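Undergrad: First the structure, then my questions, so here it is.
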Amino acid sequence: MASPRHGAAGMSAPVTRSELEDFLYLEAALLDNWQLDEWLALFVDGARYFIPPAGADDDADPATLLFYVADDYHRLCERVKRLKKRTAHAEFPRSRCRRMVSNVRYLAGDAARFSVTSNFVTWRSKLGVTDTFFGHHVYELTQVAGQLRILSKKTFLDQDDIREQGKVSIIP
Amino acid sequence: MTASPSALLDDDRARGVFRVARRAFTDPEILARERLAIFENCWLYLGHDSEIAKPGDYLTRKVAGRDILFARGKDGTARAFFNTCPHRGALVCREGAGNGAMFRCFYHSWAFDLEGRLVNRPGDEGYGEGTRKGGMHDLVRVPRLEQYRGLYFMHLQAAGDDLKTYLGGALEYIDLVLDQAETAMEIVGGTQAYGFDANWKLLCENSFDGYHGLPTHVSYFDYVKSKPGSLVEVAIKGRAFDLGNGHAVVQYTAPWGRPVAQSVPAWGDAAAREVAAIKARLVARFGAERAERMATTNRNLLIFPNFVINDIMAVTFRTFYPEAPDKQVVNAWALAPREESPAMRELRLFNFLEFLGPGGFATPDDCEALALCQRGYGSLGGAGWNDISKGYLSDEPQVDDEAQMRAFWREWHRRVTEQPA
C-alpha cells in the first residue's frame, strides 16, 4: 500500500492523490467510451448510485427528497443493461460524451472505507444538441485485492435546474 | 368531407377521423392565441398546501410566464402575489422557498409583510400622502386564488367560474387520489424542474396516452421483469373518460406494485401485510366498491390545460408551460399520504424513480419521443396532420384508445378559435 498522505480534513489517507486520480480518470474514460460493463465492474456488489436533484446539499437524503436517481445495486446493473439497448430510446443512437474530472480530494475515512470528492464537467451531444452538466461527485471507496472499488457514488449537479439538459439519461 | 387547409382540427365522426393540424405545434401565432385564450383564462395549478405548511412559509414559482410568490401569512391564510416590487419592479423574493416575516426588495429596500402590505421604505417622509392610500404600493395579489382540498389554483381573470365548477367532472377523480391519505396528502421534498424541445401540448397527450406505453417503455418493462416478483398477474386494461371542460382521464388496472394498495411479491411479507391493512382501512372508510377502485385502478388525469395527476406506481403532479412553440419547461412533484410509514414511503419513491423523472427508465424516453415529434413537424411537405382517431367509433374507448386526447383537443380548439386573435 502507498504511504499515507494528508487529506482535506488533515487525516491520513490510505492512497495517494495520483492513485485516486488514475482511478477517477479511468472511470471517466470508460463512460466516455461507453464501456458500461467495465464501468459497472468498478463498483462492489451491493454498491449504490445516486443523483440528487440539481442544487442539492451534500447531506441530501433520498428518503425525504425527490432524487433523479437512487439506485440499489440491482437497479444500477439494470441501468447499465438498459443503456446498452436500442430500446433505451433517449440514448439510441447513443450520445457522444466527454468528461473532465479535477479537484480530486481525499475527505475522510480509513483503508476499509474512505470518501473522496472530485469536480466534473460533462458534455453530452446528440442530434445536434450539446448539453453541459457540471457538478461534483462524492465517492465512498474501498480496496479489494489492492484495487480501488466504489461502495457508493453520489453525483451532485451544481446547476440550478436541468431545464436545458432535460434529462439525465447518461451517467454524468 | 375533407378539412380545409387552414383548419386546425379535422373531426369527422362519420368517417371515424380525428386529426390535429401540425401547425398547432409550430406556429408562433397559435402560441400567442393559446397564451390569451387558454393560459389567461383557465384555472392553473400553483402549488400544494403542504409546500407552505407553516405561517411564514413561502415559495416562488413561475406560472403562465408570471413570477408568482406563494406565501402563508401569520393568520394562516395562503396568498399568491405577483413577485415584483410595486416601486420599480425587481423580484421581491429571490429564493425558491423559505420561511420569514417579510419580503424586502434589495434594490431600494422596500419591505412587505406576508400579507403583502408595504410595511417599510427608506425615506418614507419624502413621499406624499397619496402614495400611502388604498394600498397603492402593496404587493399585487393574483386576481383569484382558490383551493380544492389543499390543491391551490390561480386565475388571471377576476371573474368567471369558480374552481369547483371549473374542475367539474374531474373532482371525482381528484378525490380518488386524495382520499388515499387518511390524514392529508403532502408533497415529498423537492421539485423536478426540467424541460425539453417540444410543444407543451405534446406532454398533455403523452401524460395519458396509453397507446405508447408498451413500445416506448419496453426497456422499463424489461427491467421490472428482471426482478422476480416485481409484477403481479394483472393486465393493463381499462377505460378512457371525457370529464368535460377539456379534462379527461384513463383508469386502468396494471401489474406494478402501488403503495395504495397493490402489493407485489418482491416487496416481501411485511409490506404485503401493511398494504393489506391499508386496503382494509380503505374498505372501512369508503366501502368495498370504492376502495377497490382506489386500490386496484390507476389513473392518468389531465386537468385542462396543463395540470397532470398520474396516480400510477406513485403519485405525481406535473405542470408545464411553453417558452416557445418548440420548447417547454416542466415542474414535477411526488405526492404521498402524510401518515405513510417510512417503509411504504421508501417503496413509493423507489417506484417513482425507476419509472419517472429525468433519471428514470421511462420519462427520458418520453422526452426523446416528443422532441422527435417536434422535429418531425419541421418536415414541411411531409404529413400535415397528426392522427388521434384510435377508438373513435368505439362506444367504450379503451385505455389504449385516444378518446381522452380528443376531449383535450376539442376544448383546446374551442378556446383558440372562439377568442379573437
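Ordering of the C-alpha cells sets the chain letters (A, B, ...), residue numbers begin anew at 1 in every chain, and ligands are numbered from 1 in the order given.
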Do you know which residues are at most 12 Å from region 13-23 of chain A counting only C-alpha atoms, after dropping those on the same chain fewer than 5 positions away, and could you put them as a tab-separated table (two decimals) with C-alpha atoms, in the first residue's frame?
TA:
chain	number	residue	atom	x	y	z
A	1	MET	CA	0.00	0.00	0.00
A	2	ALA	CA	1.15	3.54	-0.70
A	3	SER	CA	2.49	5.72	2.06
A	4	PRO	CA	-0.14	7.82	3.86
A	5	ARG	CA	-0.93	11.30	2.58
A	6	HIS	CA	-2.80	14.09	4.26
A	7	GLY	CA	-6.40	14.52	3.19
A	8	ALA	CA	-8.59	17.60	3.24
A	28	ALA	CA	-14.43	8.82	-16.84
A	29	ALA	CA	-12.72	7.18	-19.81
A	30	LEU	CA	-14.85	4.04	-19.51
A	39	TRP	CA	-17.57	0.84	-15.63
A	42	LEU	CA	-15.58	-0.68	-10.69
A	43	PHE	CA	-18.44	-0.99	-8.19
A	100	MET	CA	-13.42	16.35	-17.40
A	101	VAL	CA	-12.53	15.43	-13.82
A	102	SER	CA	-10.46	17.58	-11.48
A	103	ASN	CA	-10.06	18.95	-7.93
A	104	VAL	CA	-9.69	15.44	-6.58
A	105	ARG	CA	-9.61	15.49	-2.79
A	106	TYR	CA	-9.44	12.80	-0.17
A	107	LEU	CA	-12.01	13.64	2.51
A	108	ALA	CA	-12.06	11.14	5.35
A	109	GLY	CA	-12.06	7.51	6.36
A	110	ASP	CA	-9.74	4.56	6.68
A	111	ALA	CA	-8.41	1.88	4.35
A	112	ALA	CA	-11.67	-0.10	4.52
A	113	ARG	CA	-13.89	2.83	3.60
A	114	PHE	CA	-12.97	6.37	2.71
A	115	SER	CA	-14.61	9.27	0.95
A	116	VAL	CA	-13.25	11.19	-1.98
A	117	THR	CA	-14.64	14.13	-3.92
A	118	SER	CA	-13.97	15.48	-7.39
A	119	ASN	CA	-15.36	18.17	-9.65
A	139	TYR	CA	-17.47	8.64	-3.57
A	140	GLU	CA	-17.19	6.10	-0.84
A	141	LEU	CA	-14.28	3.91	-1.89
A	142	THR	CA	-12.64	0.76	-0.64
A	143	GLN	CA	-9.86	-1.52	-1.80
A	146	GLY	CA	-5.27	-3.94	-3.88
A	147	GLN	CA	-7.66	-2.34	-6.38
A	148	LEU	CA	-9.81	0.69	-5.70
A	149	ARG	CA	-13.53	-0.05	-5.88
A	150	ILE	CA	-16.68	2.03	-5.39
Undergrad: Could you tell me which residues of chain A sit within 6 Å of chain B when counting only C-alpha atoms, and give me the result as a list in words?
TA: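 That gives the following set of residues: Thr64, Leu65, Leu66, Tyr68, Val69, Thr87, His89, Ala90, Asp161, Ile162, Arg163, Gly166, Lys167, Val168 and Ser169 of chain A.
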Undergrad: For the residues in that selection, give me N, CA and C atoms as an mmCIF file, in the first residue's frame.
TA:
data_model
loop_
_atom_site.group_PDB
_atom_site.id
_atom_site.type_symbol
_atom_site.label_atom_id
_atom_site.label_comp_id
_atom_site.auth_asym_id
_atom_site.auth_seq_id
_atom_site.Cartn_x
_atom_site.Cartn_y
_atom_site.Cartn_z
ATOM 1 N N THR A 64 -36.238 11.541 1.911
ATOM 2 C CA THR A 64 -37.079 12.721 2.126
ATOM 3 C C THR A 64 -37.058 13.690 0.950
ATOM 4 N N LEU A 65 -36.184 13.457 -0.008
ATOM 5 C CA LEU A 65 -36.059 14.386 -1.132
ATOM 6 C C LEU A 65 -36.202 13.602 -2.434
ATOM 7 N N LEU A 66 -36.818 14.244 -3.419
ATOM 8 C CA LEU A 66 -37.071 13.581 -4.696
ATOM 9 C C LEU A 66 -35.813 13.633 -5.574
ATOM 10 N N TYR A 68 -33.138 12.314 -8.710
ATOM 11 C CA TYR A 68 -33.270 11.848 -10.087
ATOM 12 C C TYR A 68 -32.961 10.351 -10.158
ATOM 13 N N VAL A 69 -31.942 9.956 -9.398
ATOM 14 C CA VAL A 69 -31.504 8.558 -9.396
ATOM 15 C C VAL A 69 -31.183 8.153 -7.962
ATOM 16 N N THR A 87 -33.696 0.020 -27.279
ATOM 17 C CA THR A 87 -34.994 0.467 -26.764
ATOM 18 C C THR A 87 -34.849 1.485 -25.625
ATOM 19 N N HIS A 89 -34.543 4.568 -25.689
ATOM 20 C CA HIS A 89 -34.659 5.493 -26.820
ATOM 21 C C HIS A 89 -33.901 6.791 -26.618
ATOM 22 N N ALA A 90 -33.838 7.244 -25.367
ATOM 23 C CA ALA A 90 -33.166 8.516 -25.091
ATOM 24 C C ALA A 90 -31.668 8.428 -25.414
ATOM 25 N N ASP A 161 -30.987 24.008 -12.125
ATOM 26 C CA ASP A 161 -32.015 23.040 -12.505
ATOM 27 C C ASP A 161 -31.535 22.373 -13.793
ATOM 28 N N ILE A 162 -32.356 21.512 -14.368
ATOM 29 C CA ILE A 162 -31.940 20.881 -15.623
ATOM 30 C C ILE A 162 -32.932 21.214 -16.725
ATOM 31 N N ARG A 163 -33.399 22.485 -16.733
ATOM 32 C CA ARG A 163 -34.318 22.931 -17.785
ATOM 33 C C ARG A 163 -33.680 22.755 -19.162
ATOM 34 N N GLY A 166 -32.659 18.725 -19.573
ATOM 35 C CA GLY A 166 -33.911 17.981 -19.717
ATOM 36 C C GLY A 166 -33.929 16.620 -19.079
ATOM 37 N N LYS A 167 -32.901 15.860 -19.293
ATOM 38 C CA LYS A 167 -32.897 14.505 -18.761
ATOM 39 C C LYS A 167 -31.484 14.111 -18.362
ATOM 40 N N VAL A 168 -31.428 13.129 -17.487
ATOM 41 C CA VAL A 168 -30.125 12.587 -17.071
ATOM 42 C C VAL A 168 -30.075 11.162 -17.580
ATOM 43 N N SER A 169 -30.095 11.032 -18.911
ATOM 44 C CA SER A 169 -30.122 9.697 -19.500
ATOM 45 C C SER A 169 -28.722 9.120 -19.620
#
Undergrad: In Å to one decimal, how far is CA of Asn83 (chain B) from CA of Asn245 (chain B)?
TA: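 Atom-to-atom, CA of Asn245 (chain B) to CA of Asn83 (chain B), that is 29.8 Å.
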Undergrad: Taking the backbone alone, and naming residues the way the document does, which bits of chain A are alpha helix (DSSP H) by DSSP, as a ChimeraX atom specification?
TA: /A:17-32,36-40,73-83
Undergrad: Can you tell me, as a short mmCIF file (atom, residue, chain, number, x, y, z; two decimals) with N, CA, C and O atoms, in the first residue's frame, which residues in chain A count as strand (DSSP E or B) by DSSP?
TA:
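Saved file selection-v4.cif follows:
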data_model
loop_
_atom_site.label_atom_id
_atom_site.label_comp_id
_atom_site.auth_asym_id
_atom_site.auth_seq_id
_atom_site.Cartn_x
_atom_site.Cartn_y
_atom_site.Cartn_z
N ARG A 5 -0.97 9.88 2.96
CA ARG A 5 -0.93 11.30 2.58
C ARG A 5 -1.99 12.02 3.39
O ARG A 5 -2.94 11.42 3.89
N HIS A 6 -1.82 13.33 3.48
CA HIS A 6 -2.80 14.09 4.26
C HIS A 6 -3.99 14.50 3.41
O HIS A 6 -3.83 15.08 2.36
N SER A 12 -5.15 11.02 7.69
CA SER A 12 -4.19 10.20 6.96
C SER A 12 -4.91 9.40 5.88
O SER A 12 -5.83 8.66 6.17
N ALA A 13 -4.51 9.58 4.62
CA ALA A 13 -5.19 8.90 3.52
C ALA A 13 -4.51 7.58 3.22
O ALA A 13 -3.28 7.50 3.24
N PHE A 43 -17.61 -1.02 -9.39
CA PHE A 43 -18.44 -0.99 -8.19
C PHE A 43 -18.41 -2.36 -7.51
O PHE A 43 -18.40 -3.39 -8.19
N VAL A 44 -18.44 -2.37 -6.19
CA VAL A 44 -18.55 -3.65 -5.49
C VAL A 44 -20.01 -4.10 -5.56
O VAL A 44 -20.92 -3.28 -5.71
N ASP A 45 -20.22 -5.40 -5.42
CA ASP A 45 -21.58 -5.93 -5.33
C ASP A 45 -22.25 -5.30 -4.11
O ASP A 45 -21.67 -5.27 -3.03
N GLY A 46 -23.45 -4.76 -4.31
CA GLY A 46 -24.13 -4.09 -3.20
C GLY A 46 -23.91 -2.58 -3.18
O GLY A 46 -24.46 -1.89 -2.32
N ALA A 47 -23.13 -2.07 -4.12
CA ALA A 47 -22.87 -0.62 -4.17
C ALA A 47 -24.14 0.13 -4.55
O ALA A 47 -25.10 -0.45 -5.07
N ARG A 48 -24.13 1.44 -4.28
CA ARG A 48 -25.30 2.26 -4.61
C ARG A 48 -24.86 3.48 -5.41
O ARG A 48 -23.71 3.91 -5.35
N TYR A 49 -25.84 4.04 -6.13
CA TYR A 49 -25.54 5.17 -7.01
C TYR A 49 -26.67 6.19 -6.92
O TYR A 49 -27.85 5.82 -7.01
N PHE A 50 -26.32 7.44 -6.73
CA PHE A 50 -27.32 8.49 -6.50
C PHE A 50 -27.06 9.72 -7.36
O PHE A 50 -25.91 10.13 -7.54
N ILE A 51 -28.14 10.30 -7.87
CA ILE A 51 -28.06 11.68 -8.38
C ILE A 51 -29.17 12.47 -7.68
O ILE A 51 -30.35 12.33 -8.02
N LEU A 65 -36.18 13.46 -0.01
CA LEU A 65 -36.06 14.39 -1.13
C LEU A 65 -36.20 13.60 -2.43
O LEU A 65 -35.77 12.45 -2.53
N VAL A 69 -31.94 9.96 -9.40
CA VAL A 69 -31.50 8.56 -9.40
C VAL A 69 -31.18 8.15 -7.96
O VAL A 69 -30.49 8.89 -7.25
N ALA A 70 -31.72 7.03 -7.53
CA ALA A 70 -31.33 6.43 -6.24
C ALA A 70 -31.35 4.93 -6.46
O ALA A 70 -32.35 4.27 -6.20
N ASP A 71 -30.24 4.41 -6.97
CA ASP A 71 -30.19 3.01 -7.39
C ASP A 71 -29.60 2.13 -6.30
O ASP A 71 -28.54 2.45 -5.76
N ARG A 96 -22.79 11.28 -27.71
CA ARG A 96 -21.33 11.37 -27.55
C ARG A 96 -21.06 12.22 -26.31
O ARG A 96 -21.71 13.24 -26.12
N CYS A 97 -20.14 11.76 -25.51
CA CYS A 97 -19.89 12.45 -24.24
C CYS A 97 -18.40 12.63 -24.02
O CYS A 97 -17.57 11.87 -24.53
N ARG A 98 -18.06 13.66 -23.27
CA ARG A 98 -16.69 13.82 -22.80
C ARG A 98 -16.72 14.38 -21.39
O ARG A 98 -17.45 15.33 -21.12
N ARG A 99 -15.97 13.74 -20.54
CA ARG A 99 -15.95 14.10 -19.12
C ARG A 99 -14.60 14.67 -18.72
O ARG A 99 -13.57 14.11 -19.07
N MET A 100 -14.64 15.77 -17.98
CA MET A 100 -13.42 16.35 -17.40
C MET A 100 -13.54 16.21 -15.88
O MET A 100 -14.55 16.61 -15.31
N VAL A 101 -12.51 15.65 -15.27
CA VAL A 101 -12.53 15.43 -13.82
C VAL A 101 -11.35 16.17 -13.21
O VAL A 101 -10.24 16.13 -13.76
N SER A 102 -11.58 16.88 -12.13
CA SER A 102 -10.46 17.58 -11.48
C SER A 102 -10.76 17.79 -10.00
O SER A 102 -11.76 17.29 -9.49
N ASN A 103 -9.87 18.59 -9.35
CA ASN A 103 -10.06 18.95 -7.93
C ASN A 103 -10.30 17.71 -7.07
O ASN A 103 -11.21 17.69 -6.23
N VAL A 104 -9.53 16.68 -7.33
CA VAL A 104 -9.69 15.44 -6.58
C VAL A 104 -9.17 15.62 -5.16
O VAL A 104 -8.03 16.06 -4.96
N ARG A 105 -10.01 15.33 -4.19
CA ARG A 105 -9.61 15.49 -2.79
C ARG A 105 -10.04 14.30 -1.96
O ARG A 105 -11.20 13.87 -2.04
N TYR A 106 -9.11 13.80 -1.17
CA TYR A 106 -9.44 12.80 -0.17
C TYR A 106 -10.16 13.52 0.97
O TYR A 106 -9.74 14.59 1.40
N LEU A 107 -11.26 12.96 1.46
CA LEU A 107 -12.01 13.64 2.51
C LEU A 107 -11.80 13.02 3.88
O LEU A 107 -11.38 13.71 4.81
N ALA A 108 -12.13 11.76 4.03
CA ALA A 108 -12.06 11.14 5.35
C ALA A 108 -12.17 9.64 5.23
O ALA A 108 -12.56 9.12 4.18
N GLY A 109 -11.84 8.95 6.31
CA GLY A 109 -12.06 7.51 6.36
C GLY A 109 -10.80 6.73 6.65
O GLY A 109 -9.77 7.30 7.03
N ASP A 110 -10.90 5.41 6.48
CA ASP A 110 -9.74 4.56 6.68
C ASP A 110 -9.61 3.62 5.48
O ASP A 110 -10.37 3.73 4.52
N ARG A 113 -12.82 2.01 4.16
CA ARG A 113 -13.89 2.83 3.60
C ARG A 113 -13.49 4.29 3.74
O ARG A 113 -13.31 4.78 4.86
N PHE A 114 -13.34 4.96 2.62
CA PHE A 114 -12.97 6.37 2.71
C PHE A 114 -13.68 7.16 1.62
O PHE A 114 -14.07 6.62 0.58
N SER A 115 -13.86 8.45 1.89
CA SER A 115 -14.61 9.27 0.95
C SER A 115 -13.68 10.21 0.20
O SER A 115 -12.68 10.70 0.73
N VAL A 116 -14.05 10.41 -1.04
CA VAL A 116 -13.25 11.19 -1.98
C VAL A 116 -14.20 12.06 -2.79
O VAL A 116 -15.31 11.62 -3.11
N THR A 117 -13.79 13.27 -3.09
CA THR A 117 -14.64 14.13 -3.92
C THR A 117 -13.86 14.60 -5.14
O THR A 117 -12.62 14.66 -5.11
N SER A 118 -14.59 14.90 -6.19
CA SER A 118 -13.97 15.48 -7.39
C SER A 118 -14.97 16.41 -8.04
O SER A 118 -16.17 16.28 -7.81
N ASN A 119 -14.48 17.34 -8.83
CA ASN A 119 -15.36 18.17 -9.65
C ASN A 119 -15.46 17.55 -11.05
O ASN A 119 -14.58 16.81 -11.47
N PHE A 120 -16.54 17.88 -11.75
CA PHE A 120 -16.64 17.37 -13.12
C PHE A 120 -17.37 18.35 -14.02
O PHE A 120 -18.19 19.15 -13.56
N VAL A 121 -17.03 18.27 -15.29
CA VAL A 121 -17.86 18.86 -16.35
C VAL A 121 -18.06 17.75 -17.37
O VAL A 121 -17.10 17.07 -17.75
N THR A 122 -19.29 17.54 -17.77
CA THR A 122 -19.59 16.52 -18.78
C THR A 122 -20.38 17.16 -19.91
O THR A 122 -21.38 17.85 -19.65
N TRP A 123 -19.91 16.95 -21.12
CA TRP A 123 -20.68 17.41 -22.28
C TRP A 123 -21.36 16.20 -22.92
O TRP A 123 -20.74 15.14 -23.06
N ARG A 124 -22.61 16.41 -23.30
CA ARG A 124 -23.36 15.37 -23.98
C ARG A 124 -23.87 15.95 -25.29
O ARG A 124 -24.47 17.02 -25.30
N SER A 125 -23.62 15.25 -26.39
CA SER A 125 -24.03 15.75 -27.70
C SER A 125 -24.86 14.69 -28.41
O SER A 125 -24.46 13.53 -28.50
N LYS A 126 -26.04 15.11 -28.88
CA LYS A 126 -26.91 14.16 -29.59
C LYS A 126 -27.84 14.95 -30.50
O LYS A 126 -28.41 15.96 -30.07
N VAL A 129 -27.63 18.70 -30.63
CA VAL A 129 -27.79 19.49 -29.40
C VAL A 129 -26.70 19.06 -28.41
O VAL A 129 -26.50 17.86 -28.18
N THR A 130 -26.00 20.05 -27.86
CA THR A 130 -24.98 19.73 -26.86
C THR A 130 -25.41 20.28 -25.51
O THR A 130 -25.74 21.46 -25.39
N ASP A 131 -25.45 19.44 -24.52
CA ASP A 131 -25.79 19.83 -23.16
C ASP A 131 -24.55 19.73 -22.28
O ASP A 131 -23.71 18.87 -22.49
N THR A 132 -24.51 20.62 -21.31
CA THR A 132 -23.41 20.61 -20.35
C THR A 132 -23.95 20.27 -18.96
O THR A 132 -24.95 20.83 -18.53
N PHE A 133 -23.31 19.34 -18.32
CA PHE A 133 -23.61 19.04 -16.92
C PHE A 133 -22.35 19.41 -16.12
O PHE A 133 -21.24 19.06 -16.54
N PHE A 134 -22.52 20.08 -15.00
CA PHE A 134 -21.35 20.29 -14.14
C PHE A 134 -21.73 20.07 -12.69
O PHE A 134 -22.90 20.21 -12.32
N GLY A 135 -20.74 19.72 -11.91
CA GLY A 135 -21.04 19.46 -10.50
C GLY A 135 -19.86 18.80 -9.82
O GLY A 135 -18.71 18.99 -10.22
N HIS A 136 -20.18 18.05 -8.78
CA HIS A 136 -19.13 17.32 -8.08
C HIS A 136 -19.64 15.93 -7.69
O HIS A 136 -20.83 15.72 -7.53
N HIS A 137 -18.69 15.03 -7.62
CA HIS A 137 -19.00 13.66 -7.18
C HIS A 137 -18.51 13.49 -5.74
O HIS A 137 -17.50 14.08 -5.36
N VAL A 138 -19.22 12.67 -5.00
CA VAL A 138 -18.71 12.22 -3.70
C VAL A 138 -18.75 10.70 -3.71
O VAL A 138 -19.82 10.11 -3.91
N TYR A 139 -17.59 10.10 -3.54
CA TYR A 139 -17.47 8.64 -3.57
C TYR A 139 -17.19 8.10 -2.17
O TYR A 139 -16.51 8.76 -1.38
N GLU A 140 -17.71 6.92 -1.93
CA GLU A 140 -17.19 6.10 -0.84
C GLU A 140 -16.41 4.97 -1.52
O GLU A 140 -16.98 4.24 -2.34
N LEU A 141 -15.13 4.89 -1.21
CA LEU A 141 -14.28 3.91 -1.89
C LEU A 141 -13.74 2.88 -0.88
O LEU A 141 -13.70 3.14 0.32
N THR A 142 -13.34 1.76 -1.44
CA THR A 142 -12.64 0.76 -0.64
C THR A 142 -11.57 0.13 -1.52
O THR A 142 -11.40 0.55 -2.69
N GLN A 143 -10.84 -0.80 -0.99
CA GLN A 143 -9.86 -1.52 -1.80
C GLN A 143 -10.15 -3.00 -1.73
O GLN A 143 -10.37 -3.54 -0.64
N VAL A 144 -10.19 -3.64 -2.89
CA VAL A 144 -10.42 -5.07 -2.96
C VAL A 144 -9.23 -5.66 -3.71
O VAL A 144 -8.98 -5.27 -4.85
N GLN A 147 -7.05 -3.22 -5.36
CA GLN A 147 -7.66 -2.34 -6.38
C GLN A 147 -8.71 -1.45 -5.73
O GLN A 147 -9.49 -1.91 -4.90
N LEU A 148 -8.75 -0.19 -6.18
CA LEU A 148 -9.81 0.69 -5.70
C LEU A 148 -11.15 0.26 -6.28
O LEU A 148 -11.24 -0.09 -7.46
N ARG A 149 -12.18 0.29 -5.43
CA ARG A 149 -13.53 -0.05 -5.88
C ARG A 149 -14.53 0.89 -5.21
O ARG A 149 -14.28 1.43 -4.14
N ILE A 150 -15.69 1.04 -5.85
CA ILE A 150 -16.68 2.03 -5.39
C ILE A 150 -17.75 1.35 -4.53
O ILE A 150 -18.36 0.37 -4.96
N LEU A 151 -17.94 1.89 -3.33
CA LEU A 151 -19.04 1.43 -2.46
C LEU A 151 -20.30 2.25 -2.73
O LEU A 151 -21.41 1.73 -2.70
N SER A 152 -20.11 3.55 -2.94
CA SER A 152 -21.25 4.38 -3.34
C SER A 152 -20.74 5.59 -4.08
O SER A 152 -19.61 6.03 -3.87
N LYS A 153 -21.59 6.09 -4.96
CA LYS A 153 -21.23 7.29 -5.72
C LYS A 153 -22.44 8.21 -5.72
O LYS A 153 -23.56 7.78 -6.03
N LYS A 154 -22.20 9.47 -5.36
CA LYS A 154 -23.24 10.49 -5.46
C LYS A 154 -22.78 11.55 -6.44
O LYS A 154 -21.67 12.07 -6.32
N THR A 155 -23.62 11.85 -7.41
CA THR A 155 -23.31 12.86 -8.41
C THR A 155 -24.18 14.08 -8.16
O THR A 155 -25.40 14.02 -8.31
N PHE A 156 -23.55 15.16 -7.71
CA PHE A 156 -24.29 16.39 -7.44
C PHE A 156 -24.19 17.31 -8.65
O PHE A 156 -23.09 17.72 -9.03
N LEU A 157 -25.34 17.62 -9.23
CA LEU A 157 -25.37 18.58 -10.34
C LEU A 157 -25.46 19.96 -9.71
O LEU A 157 -26.41 20.26 -8.98
N ILE A 162 -32.36 21.51 -14.37
CA ILE A 162 -31.94 20.88 -15.62
C ILE A 162 -32.93 21.21 -16.73
O ILE A 162 -33.28 20.36 -17.55
#
Undergrad: So which residues touch region 140-144 of chain B within 12 Å, counting only C-alpha atoms, skipping near sequence neighbours fewer than 5 positions away, as JSON, numbers by chain?
TA: {"B": [40, 41, 42, 43, 44, 45, 46, 63, 64, 66, 67, 68, 69, 70, 71, 78, 79, 80, 81, 82, 83, 84, 85, 86, 87, 89, 92, 112, 114, 115, 116, 117, 118, 135, 152, 153, 154, 155, 156, 157, 158, 159, 160, 161, 162, 163]}
Undergrad: Env of region 291-295 of chain B: 12 Å cut, atoms = only C-alpha atoms, seq-sep filter 3 positions within chain, self excluded. Answer as number ranges by chain.
TA: B: 172-181, 238, 251-254, 257-263, 275-288, 298-299, 311-313
Undergrad: Report, in Å with one decimal, the straight-line distance from CA of Asp401 (chain B) to CA of Val249 (chain B).
TA: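 Straight-line distance from CA of Asp401 (chain B) to CA of Val249 (chain B) works out to 11.6 Å.
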Undergrad: Restricting the calculation to only C-alpha atoms: of A:Phe67, A:Asp37, A:Asp61, A:Ala54, which residue gets closest to Lys81 (chain A)?
TA: A:Asp37
Undergrad: Name the residues in contact with region 34-36 of chain B at a cut-off of 10 Å, using only C-alpha atoms, excluding same-chain residues fewer than 6 positions from it; report them as a PyMOL selection string.
TA: chain B and resi 24+28+42+64-65+321-322+412-413+415-417+419-421
Undergrad: Can those selected residues be exported to a file as a tab-separated table (two decimals), in the first residue's frame so that it contains N, CA, C and O atoms?
TA:
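The file below, out.tsv, is the result:
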chain	number	residue	atom	x	y	z
B	24	ALA	N	-50.51	23.41	-35.27
B	24	ALA	CA	-50.85	23.69	-33.87
B	24	ALA	C	-49.62	23.60	-32.96
B	24	ALA	O	-49.62	24.14	-31.85
B	28	PRO	N	-46.06	30.29	-34.26
B	28	PRO	CA	-46.00	31.26	-33.15
B	28	PRO	C	-47.32	32.00	-32.93
B	28	PRO	O	-47.63	32.38	-31.81
B	42	CYS	N	-57.83	30.20	-17.79
B	42	CYS	CA	-58.13	28.92	-17.14
B	42	CYS	C	-57.60	28.95	-15.71
B	42	CYS	O	-56.69	29.71	-15.40
B	64	ALA	N	-47.67	30.51	-16.01
B	64	ALA	CA	-48.11	31.26	-17.20
B	64	ALA	C	-47.22	32.47	-17.44
B	64	ALA	O	-47.70	33.56	-17.74
B	65	GLY	N	-45.93	32.29	-17.30
B	65	GLY	CA	-44.98	33.35	-17.60
B	65	GLY	C	-44.82	34.38	-16.50
B	65	GLY	O	-43.97	35.26	-16.60
B	321	TYR	N	-45.22	24.56	-19.14
B	321	TYR	CA	-45.57	25.79	-19.85
B	321	TYR	C	-44.70	25.97	-21.08
B	321	TYR	O	-43.52	25.62	-21.06
B	322	PRO	N	-45.29	26.55	-22.12
B	322	PRO	CA	-44.49	26.81	-23.32
B	322	PRO	C	-43.56	28.01	-23.11
B	322	PRO	O	-43.95	28.99	-22.48
B	412	TRP	N	-59.41	22.60	-26.43
B	412	TRP	CA	-58.34	23.47	-26.93
B	412	TRP	C	-58.82	24.21	-28.17
B	412	TRP	O	-58.65	25.43	-28.28
B	413	HIS	N	-59.43	23.48	-29.08
B	413	HIS	CA	-59.87	24.06	-30.35
B	413	HIS	C	-60.96	25.10	-30.12
B	413	HIS	O	-60.95	26.19	-30.71
B	415	ARG	N	-61.42	26.93	-27.55
B	415	ARG	CA	-60.86	28.14	-26.94
B	415	ARG	C	-60.02	28.95	-27.94
B	415	ARG	O	-60.14	30.16	-27.99
B	416	VAL	N	-59.18	28.29	-28.69
B	416	VAL	CA	-58.30	29.08	-29.58
B	416	VAL	C	-59.04	29.65	-30.79
B	416	VAL	O	-58.58	30.62	-31.39
B	417	THR	N	-60.18	29.05	-31.13
B	417	THR	CA	-60.90	29.59	-32.28
B	417	THR	C	-61.97	30.60	-31.86
B	417	THR	O	-62.30	31.49	-32.63
B	419	GLN	N	-61.76	32.76	-29.26
B	419	GLN	CA	-61.14	34.02	-28.81
B	419	GLN	C	-60.62	34.78	-30.03
B	419	GLN	O	-59.87	34.22	-30.82
B	420	PRO	N	-60.98	36.05	-30.19
B	420	PRO	CA	-60.39	36.81	-31.29
B	420	PRO	C	-58.87	36.89	-31.11
B	420	PRO	O	-58.40	37.06	-29.99
B	421	ALA	N	-58.16	36.75	-32.21
B	421	ALA	CA	-56.70	36.74	-32.14
B	421	ALA	C	-56.17	38.11	-31.71
B	421	ALA	O	-56.78	39.12	-31.98
Undergrad: Would you work out the distance separating CA of Phe39 (chain B) from CA of Tyr211 (chain B), expressed in Å to one decimal?
TA: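 It comes out at 27.8 Å.
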Undergrad: Using only C-alpha atoms, which of B:Cys204, B:Val399, B:Ala248, B:Ile52 sits nearest Asn306 (chain B)?
TA: B:Cys204
Undergrad: Restricting the calculation to only C-alpha atoms, which member of B:Gly210, B:Pro265, B:Gly100, B:Pro325 is positioned closest to Arg239 (chain B)?
TA: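 Closest to Arg239 (chain B) of all the choices is B:Gly210.
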